[in-house]
Amino acid sequence: HDDCNVQDHPVQLRVWDYDIVSADDVIGMVIVDLNGLIDPDGPAQIQGWFPIFDTIRGLRGELLVSVKVDFFGDVNPYKESSAGIRLYSASRIPVGLQLEEIRGFVEELVVTQDPEYAWADTFRTARTSNEARRLLLYKLSGQLRRQIGWKVLELGCNAVLGYQQGFDLEGEGGIVARCYGTACKLRKDGELFSSPTSAPAALLAGAAGAH
């Protein structure tokens with residue numbers, strides 16, 4: 001899908017020191033998730049002070065970041081993609097929205113190799129190994145949201161309530177990333193129903209309790 005690269009791969013900003021004799025070293029890294037910027041109802045830009053950590057020495061600083069996404073012809077190519085699916089961790093209907101339809105439980109699972117146990121880990125630094133796992137978790141998070149979003153779109157829905165996401169370290173085998181929730185269709189207060197099928201709020205409570 002066209003939204004794969006943007007949703008799965010966050011922007012990486014690395015801060016390096018300057019060494020006259022030896023090679024320059026990475027001090028820390030800031031990772032910026034772009035999913036909010038390609039959301040049709042999202043902000044125009046992401047701006048602010050982001051914390052940056054030296055995970056080896058235990059130091060903390062801040063980096064001023066401003067990120068904006070411009071579309072050719074002012075047309076958002078992701079407006080019909082899974083980027084527009086709303087993921088709500090709460091099982092309650094958000095304020096200003098009404099429940100139109102519930103389609104049921106959806107889930108997604110991704111398994112990948114843990115970089116901590118890759119062959120390259122035998123000679124790379126602890127900092128590099130730690131950052132490799134950190135970046136992988138960000139990518140897995142974006143991949144989960146994108147893939148479950150497409151499932152929700154296929155069901156004719158536009159949101160997930162009770163969305164949960166987690167990671168399990170399976171020994172030396174790899175990392176298992178999981179997410180799940182209740183696929184539903186929400187509409188803004190005052191909008192007409194887009195279909196004759198609807199579900200009362202009591203069904204939502206039952207679906208959330210079944211999880």
# chains A, B, ... in the order shown; residues from 1 in each chain; ligands from 1

$ residues_around --residues "A:Val152" --least-positions-apart "5" --cutoff "8 Å" --atoms "only C-alpha atoms" --output "PyMOL selection string"
chain A and resi 85+106+157-160+183-184

$ residues_around --residues "stretch 142-147 of chain A" --least-positions-apart "6" --cutoff "8 Å" --atoms "only C-alpha atoms" --output "list in words"
Cys4, Gln7, Asp8, His9, Asn35, Ser82, Ala83, Glu108, Leu109, Val110, Ala177, Arg178 and Cys179 of chain A

$ write_last_selection --atoms "C-alpha atoms" --output "PDB file, in the first residue's frame"
ATOM      1  CA  CYS A   4       3.270   1.727   4.091  1.00  0.00           C
ATOM      2  CA  GLN A   7       3.060   4.811   8.562  1.00  0.00           C
ATOM      3  CA  ASP A   8       5.681   2.171   9.312  1.00  0.00           C
ATOM      4  CA  HIS A   9       8.848   4.281   9.244  1.00  0.00           C
ATOM      5  CA  ASN A  35       0.869   9.111  11.362  1.00  0.00           C
ATOM      6  CA  SER A  82      -5.852   3.167   6.950  1.00  0.00           C
ATOM      7  CA  ALA A  83      -4.181   6.384   8.133  1.00  0.00           C
ATOM      8  CA  GLU A 108      -3.318  -8.231  14.259  1.00  0.00           C
ATOM      9  CA  LEU A 109      -0.066 -10.084  14.977  1.00  0.00           C
ATOM     10  CA  VAL A 110       3.473  -9.441  13.721  1.00  0.00           C
ATOM     11  CA  ALA A 177       3.785  -7.507  18.456  1.00  0.00           C
ATOM     12  CA  ARG A 178       0.018  -7.732  19.001  1.00  0.00           C
ATOM     13  CA  CYS A 179      -2.932  -5.364  18.828  1.00  0.00           C
TER      14      CYS A 179
END

$ atom_distance --atom1 "atom CA of A:Tyr180" --atom2 "atom CA of A:Ala44"
28.5 Å

$ residues_around --residues "A:Val32" --least-positions-apart "4" --cutoff "7 Å" --atoms "only C-alpha atoms" --output "list in words"
Pro10, Val11 and Gln12 of chain A

$ atom_distance --atom1 "atom CA of A:Tyr88" --atom2 "atom CA of A:Arg133"
25.9 Å

$ residues_around --residues "stretch 52-65 of chain A" --least-positions-apart "4" --cutoff "9 Å" --atoms "only C-alpha atoms" --output "PyMOL selection string"
chain A and resi 15+26-30+32+46-48+126-127+130-131

$ write_last_selection --atoms "all heavy atoms" --output "CSV table (one decimal), in the first residue's frame"
chain,number,residue,atom,x,y,z
A,15,VAL,N,21.6,13.0,17.0
A,15,VAL,CA,22.6,14.0,17.5
A,15,VAL,C,23.9,13.4,17.8
A,15,VAL,O,24.0,12.4,18.5
A,15,VAL,CB,22.0,14.7,18.8
A,15,VAL,CG1,23.0,15.7,19.3
A,15,VAL,CG2,20.7,15.3,18.6
A,26,VAL,N,27.3,8.9,18.3
A,26,VAL,CA,25.9,9.3,18.5
A,26,VAL,C,25.6,9.5,19.9
A,26,VAL,O,25.9,8.7,20.8
A,26,VAL,CB,25.0,8.2,17.9
A,26,VAL,CG1,23.5,8.6,18.2
A,26,VAL,CG2,25.2,8.0,16.4
A,27,ILE,N,25.0,10.7,20.3
A,27,ILE,CA,24.7,11.0,21.6
A,27,ILE,C,23.3,10.4,21.9
A,27,ILE,O,23.0,9.9,23.0
A,27,ILE,CB,24.7,12.5,21.9
A,27,ILE,CG1,26.1,13.0,21.7
A,27,ILE,CG2,24.2,12.8,23.3
A,27,ILE,CD1,26.2,14.5,21.8
A,28,GLY,N,22.4,10.6,21.0
A,28,GLY,CA,21.0,10.1,21.2
A,28,GLY,C,20.2,10.3,19.9
A,28,GLY,O,20.7,10.8,18.9
A,29,MET,N,18.9,9.9,20.0
A,29,MET,CA,18.1,9.9,18.8
A,29,MET,C,16.7,10.3,19.2
A,29,MET,O,16.1,9.9,20.2
A,29,MET,CB,18.1,8.5,18.2
A,29,MET,CG,17.2,8.4,17.0
A,29,MET,SD,17.4,6.8,16.1
A,29,MET,CE,17.0,5.6,17.5
A,30,VAL,N,16.0,11.1,18.3
A,30,VAL,CA,14.6,11.5,18.5
A,30,VAL,C,13.9,10.8,17.3
A,30,VAL,O,14.3,10.9,16.2
A,30,VAL,CB,14.4,13.0,18.4
A,30,VAL,CG1,13.0,13.3,18.3
A,30,VAL,CG2,15.0,13.6,19.7
A,32,VAL,N,10.2,10.6,15.4
A,32,VAL,CA,8.9,11.3,15.3
A,32,VAL,C,8.0,10.5,14.4
A,32,VAL,O,8.3,10.1,13.3
A,32,VAL,CB,9.2,12.7,14.6
A,32,VAL,CG1,7.8,13.4,14.4
A,32,VAL,CG2,10.2,13.5,15.4
A,46,ILE,N,3.9,19.0,13.3
A,46,ILE,CA,4.3,18.6,14.7
A,46,ILE,C,5.5,19.5,15.1
A,46,ILE,O,6.5,19.5,14.3
A,46,ILE,CB,4.8,17.1,14.7
A,46,ILE,CG1,3.6,16.2,14.3
A,46,ILE,CG2,5.3,16.7,16.1
A,46,ILE,CD1,3.9,14.7,14.2
A,47,GLN,N,5.4,20.1,16.2
A,47,GLN,CA,6.4,21.1,16.6
A,47,GLN,C,6.5,21.1,18.1
A,47,GLN,O,5.5,21.0,18.8
A,47,GLN,CB,6.2,22.5,16.1
A,47,GLN,CG,7.2,23.5,16.4
A,47,GLN,CD,7.0,24.8,15.8
A,47,GLN,OE1,6.3,24.9,14.8
A,47,GLN,NE2,7.6,25.9,16.3
A,48,GLY,N,7.8,21.1,18.6
A,48,GLY,CA,8.0,21.2,20.1
A,48,GLY,C,9.3,20.7,20.5
A,48,GLY,O,10.1,20.3,19.6
A,126,ALA,N,26.9,-1.2,22.5
A,126,ALA,CA,25.7,-1.4,23.3
A,126,ALA,C,24.7,-0.3,22.9
A,126,ALA,O,23.5,-0.5,22.8
A,126,ALA,CB,26.0,-1.3,24.8
A,127,ARG,N,25.2,0.9,22.6
A,127,ARG,CA,24.3,2.0,22.2
A,127,ARG,C,23.6,1.7,20.9
A,127,ARG,O,22.4,1.9,20.7
A,127,ARG,CB,25.1,3.3,22.1
A,127,ARG,CG,24.2,4.5,21.8
A,127,ARG,CD,25.0,5.7,21.3
A,127,ARG,NE,26.1,6.0,22.2
A,127,ARG,CZ,25.9,6.8,23.3
A,127,ARG,NH1,24.7,7.2,23.6
A,127,ARG,NH2,26.9,7.0,24.1
A,130,ASN,N,20.9,-1.0,21.4
A,130,ASN,CA,19.8,-0.5,22.0
A,130,ASN,C,18.9,0.3,21.1
A,130,ASN,O,17.7,0.2,21.1
A,130,ASN,CB,20.2,0.3,23.3
A,130,ASN,CG,19.0,0.8,24.1
A,130,ASN,OD1,18.1,0.0,24.4
A,130,ASN,ND2,19.0,2.1,24.4
A,131,GLU,N,19.5,1.2,20.3
A,131,GLU,CA,18.8,2.0,19.4
A,131,GLU,C,18.1,1.2,18.3
A,131,GLU,O,17.1,1.5,17.8
A,131,GLU,CB,19.7,3.1,18.8
A,131,GLU,CG,20.1,4.1,19.8
A,131,GLU,CD,20.9,5.2,19.1
A,131,GLU,OE1,21.3,5.0,17.9
A,131,GLU,OE2,21.2,6.2,19.8

$ closest_residue --among "A:Gln164, A:Thr182, A:Ser91, A:Gln45" --to "A:Gly104" --atoms "only C-alpha atoms"
A:Thr182

$ select_by_dssp --residues "stretch 4-196 of chain A" --states "strand (DSSP E or B)" --output "count of residues only"
77

$ atom_distance --atom1 "atom CA of A:Ile31" --atom2 "atom CA of A:Thr112"
20.2 Å

$ residues_around --residues "A:Ala90" --least-positions-apart "6" --cutoff "8 Å" --atoms "only C-alpha atoms" --output "PyMOL selection string"
chain A and resi 161-163

$ closest_residue --among "A:Gly181, A:Val6, A:Glu116, A:Asp39" --to "A:Ser89" --atoms "only C-alpha atoms"
A:Gly181
